[in-house]
Amino acid sequence: MLFVLIFWAVIFLLLSLVSGLLTLPFTYFLCKEQRKRRMILSFFTPGVALFTYAASSLVAMIIIAIILGTDIGIGDSWSTPLKNNYELSSTDTPDNGGICKKGDLYNEILISDVTHIQVIGDSVIGKADGRYFIFNLQDGTHTDSLTYQGLTRQISPFSIHLIDNNTYYWDQRRTAYIIGGVLSLLLTVLVVRLFWRIGLHGFQRRQQGS
């Protein structure tokens, strides 16, 4: 996770520098009053915007993870709750995961190599290692190595609508992430406006005071 944060910090820094330099010619030719001050503000504005949005997004992701019981959203681990303290988790990529008991000291994986999943009531059905399974989220019992026809008979009258792990992970947090993204964007706009207001009007007040 630390490596990911450092990586994105470097990327944002480079983007801020390049974007800031690109704003300077436009500011020079378009602004006549306080040209030097506005050029300085325009140079730093992309950096202020990028780092404000990144920091607020990280805070939002942490809050969402706490509320929903998922992973933070960065790093190499993925997890999302099912029911009754069970969760679907994976490492590196969400393509291949496992069902385990959340908080288990031994980190025992009850069903491994899970690639597709569907929650039906208090049970989870899915595909693992090329075969199908049914996992009871109430007592932890499960039936493995089912064929598609066998799975269909077991869950009748319900229909099978399996989705891949990656889709399931993001379905659980999509709405929360959209809300968090919008709030982070609004905060970024407010911070940039405040940055310019202080940079311009604060400078004007110091001139008037002198």
# chains A, B, ... in the order shown; residues from 1 in each chain; ligands from 1

$ residues_around --residues "Gly47 of chain A" --least-positions-apart "4" --cutoff "12 Å" --atoms "only C-alpha atoms" --output "ChimeraX atom specification"
/A:9-21,23,40-43,51-55,188,191-192,195

$ closest_residue --among "A:Val114, A:Trp170, A:Ala49, A:Asp129" --to "Ser184 of chain A" --atoms "only C-alpha atoms"
A:Ala49

$ select_by_dssp --residues "segment 5-140 of chain A" --states "alpha helix (DSSP H)" --output "number ranges by chain"
A: 5-30, 35-68

$ atom_distance --atom1 "atom CA of Thr27 of chain A" --atom2 "atom CA of Val48 of chain A"
17.0 Å

$ closest_residue --among "A:Gly97, A:Gly75, A:Pro46, A:Pro81" --to "Asp171 of chain A" --atoms "only C-alpha atoms"
A:Pro81

$ closest_residue --among "A:Phe135, A:Lys127, A:Ala176, A:Thr141" --to "His161 of chain A" --atoms "only C-alpha atoms"
A:Lys127

$ closest_residue --among "A:Thr152, A:Asn85, A:Asn96, A:Thr175" --to "Ile117 of chain A" --atoms "only C-alpha atoms"
A:Asn96

$ select_by_dssp --residues "segment 23-207 of chain A" --states "strand (DSSP E)" --output "VMD selection string"
chain A and resid 77 to 81 86 to 91 97 to 101 109 to 120 123 to 128 131 to 136 142 to 146 163 to 164

$ closest_residue --among "A:Pro157, A:Gly103, A:Tyr132, A:Trp8" --to "Leu58 of chain A" --atoms "only C-alpha atoms"
A:Trp8

$ atom_distance --atom1 "atom CA of Leu82 of chain A" --atom2 "atom CA of Asn107 of chain A"
16.0 Å

$ closest_residue --among "A:Leu183, A:Tyr169, A:Thr80, A:Gly126" --to "Ile67 of chain A" --atoms "only C-alpha atoms"
A:Thr80

$ atom_distance --atom1 "atom CA of Ser156 of chain A" --atom2 "atom CA of Ile125 of chain A"
12.2 Å

$ decode --residues "segment 159-207 of chain A" --atoms "N, CA and C atoms" --output "compact mmCIF listing (two decimals), in the first residue's frame"
# COMPACT_ATOMS: atom_id res chain seq x y z
N SER A 159 -32.73 -18.76 -10.43
CA SER A 159 -31.96 -18.81 -11.67
C SER A 159 -30.49 -18.49 -11.39
N ILE A 160 -29.63 -18.97 -12.26
CA ILE A 160 -28.20 -18.73 -12.12
C ILE A 160 -27.81 -17.47 -12.90
N HIS A 161 -27.23 -16.49 -12.18
CA HIS A 161 -26.74 -15.27 -12.81
C HIS A 161 -25.37 -14.95 -12.20
N LEU A 162 -24.41 -15.79 -12.49
CA LEU A 162 -23.08 -15.61 -11.92
C LEU A 162 -22.38 -14.40 -12.54
N ILE A 163 -21.62 -13.68 -11.71
CA ILE A 163 -20.78 -12.59 -12.20
C ILE A 163 -19.36 -12.83 -11.73
N ASP A 164 -18.39 -12.30 -12.46
CA ASP A 164 -17.00 -12.50 -12.06
C ASP A 164 -16.68 -11.72 -10.79
N ASN A 165 -15.62 -12.11 -10.12
CA ASN A 165 -15.26 -11.50 -8.84
C ASN A 165 -15.10 -9.99 -8.93
N ASN A 166 -14.41 -9.54 -9.98
CA ASN A 166 -14.14 -8.11 -10.12
C ASN A 166 -15.43 -7.31 -10.18
N THR A 167 -16.40 -7.81 -10.94
CA THR A 167 -17.70 -7.13 -11.03
C THR A 167 -18.39 -7.12 -9.68
N TYR A 168 -18.32 -8.25 -8.96
CA TYR A 168 -18.97 -8.32 -7.65
C TYR A 168 -18.33 -7.35 -6.68
N TYR A 169 -17.00 -7.25 -6.65
CA TYR A 169 -16.32 -6.32 -5.76
C TYR A 169 -16.82 -4.90 -5.97
N TRP A 170 -16.86 -4.49 -7.25
CA TRP A 170 -17.20 -3.10 -7.52
C TRP A 170 -18.69 -2.84 -7.40
N ASP A 171 -19.52 -3.83 -7.62
CA ASP A 171 -20.95 -3.65 -7.42
C ASP A 171 -21.27 -3.30 -5.97
N GLN A 172 -20.49 -3.83 -5.03
CA GLN A 172 -20.75 -3.61 -3.62
C GLN A 172 -20.41 -2.19 -3.18
N ARG A 173 -19.55 -1.51 -3.92
CA ARG A 173 -19.09 -0.19 -3.48
C ARG A 173 -19.28 0.91 -4.51
N ARG A 174 -19.88 0.58 -5.64
CA ARG A 174 -19.99 1.56 -6.73
C ARG A 174 -20.72 2.83 -6.29
N THR A 175 -21.89 2.69 -5.68
CA THR A 175 -22.66 3.88 -5.27
C THR A 175 -21.88 4.73 -4.28
N ALA A 176 -21.26 4.07 -3.30
CA ALA A 176 -20.48 4.80 -2.30
C ALA A 176 -19.31 5.53 -2.95
N TYR A 177 -18.67 4.92 -3.93
CA TYR A 177 -17.54 5.55 -4.59
C TYR A 177 -17.98 6.74 -5.44
N ILE A 178 -19.14 6.63 -6.07
CA ILE A 178 -19.66 7.75 -6.85
C ILE A 178 -19.93 8.94 -5.94
N ILE A 179 -20.59 8.68 -4.79
CA ILE A 179 -20.86 9.76 -3.84
C ILE A 179 -19.56 10.36 -3.32
N GLY A 180 -18.61 9.50 -2.96
CA GLY A 180 -17.32 9.98 -2.48
C GLY A 180 -16.58 10.79 -3.53
N GLY A 181 -16.65 10.35 -4.79
CA GLY A 181 -15.99 11.08 -5.87
C GLY A 181 -16.59 12.45 -6.09
N VAL A 182 -17.92 12.54 -6.04
CA VAL A 182 -18.59 13.83 -6.22
C VAL A 182 -18.24 14.78 -5.08
N LEU A 183 -18.27 14.27 -3.84
CA LEU A 183 -17.93 15.11 -2.69
C LEU A 183 -16.47 15.57 -2.75
N SER A 184 -15.58 14.68 -3.19
CA SER A 184 -14.17 15.06 -3.33
C SER A 184 -13.99 16.13 -4.40
N LEU A 185 -14.75 16.01 -5.48
CA LEU A 185 -14.68 17.00 -6.55
C LEU A 185 -15.17 18.36 -6.07
N LEU A 186 -16.28 18.36 -5.33
CA LEU A 186 -16.81 19.62 -4.79
C LEU A 186 -15.81 20.27 -3.83
N LEU A 187 -15.19 19.45 -2.99
CA LEU A 187 -14.19 19.97 -2.06
C LEU A 187 -13.00 20.54 -2.82
N THR A 188 -12.60 19.88 -3.90
CA THR A 188 -11.48 20.37 -4.70
C THR A 188 -11.79 21.73 -5.31
N VAL A 189 -13.00 21.90 -5.83
CA VAL A 189 -13.40 23.19 -6.40
C VAL A 189 -13.37 24.28 -5.34
N LEU A 190 -13.89 23.98 -4.14
CA LEU A 190 -13.89 24.96 -3.06
C LEU A 190 -12.47 25.34 -2.64
N VAL A 191 -11.59 24.35 -2.55
CA VAL A 191 -10.20 24.63 -2.14
C VAL A 191 -9.50 25.48 -3.19
N VAL A 192 -9.70 25.19 -4.47
CA VAL A 192 -9.06 25.97 -5.54
C VAL A 192 -9.58 27.41 -5.52
N ARG A 193 -10.89 27.58 -5.33
CA ARG A 193 -11.45 28.94 -5.25
C ARG A 193 -10.88 29.70 -4.06
N LEU A 194 -10.78 29.02 -2.93
CA LEU A 194 -10.21 29.65 -1.74
C LEU A 194 -8.74 29.99 -1.97
N PHE A 195 -8.03 29.11 -2.65
CA PHE A 195 -6.61 29.34 -2.97
C PHE A 195 -6.44 30.62 -3.79
N TRP A 196 -7.29 30.81 -4.79
CA TRP A 196 -7.21 32.01 -5.62
C TRP A 196 -7.70 33.24 -4.87
N ARG A 197 -8.74 33.09 -4.06
CA ARG A 197 -9.26 34.25 -3.32
C ARG A 197 -8.21 34.78 -2.35
N ILE A 198 -7.57 33.88 -1.63
CA ILE A 198 -6.52 34.30 -0.69
C ILE A 198 -5.33 34.87 -1.45
N GLY A 199 -4.98 34.21 -2.57
CA GLY A 199 -3.83 34.66 -3.35
C GLY A 199 -4.01 36.04 -3.95
N LEU A 200 -5.23 36.37 -4.39
CA LEU A 200 -5.49 37.65 -5.03
C LEU A 200 -5.94 38.72 -4.04
N HIS A 201 -7.01 38.44 -3.31
CA HIS A 201 -7.60 39.45 -2.43
C HIS A 201 -6.73 39.69 -1.21
N GLY A 202 -6.08 38.63 -0.73
CA GLY A 202 -5.16 38.84 0.39
C GLY A 202 -4.03 39.75 -0.01
N PHE A 203 -3.54 39.57 -1.24
CA PHE A 203 -2.47 40.40 -1.77
C PHE A 203 -2.95 41.84 -1.92
N GLN A 204 -4.19 42.02 -2.40
CA GLN A 204 -4.74 43.36 -2.57
C GLN A 204 -4.88 44.07 -1.23
N ARG A 205 -5.33 43.37 -0.19
CA ARG A 205 -5.51 43.97 1.13
C ARG A 205 -4.16 44.42 1.70
N ARG A 206 -3.10 43.63 1.46
CA ARG A 206 -1.78 44.02 1.95
C ARG A 206 -1.30 45.28 1.23
N GLN A 207 -1.63 45.39 -0.09
CA GLN A 207 -1.26 46.58 -0.82
C GLN A 207 -1.98 47.81 -0.28
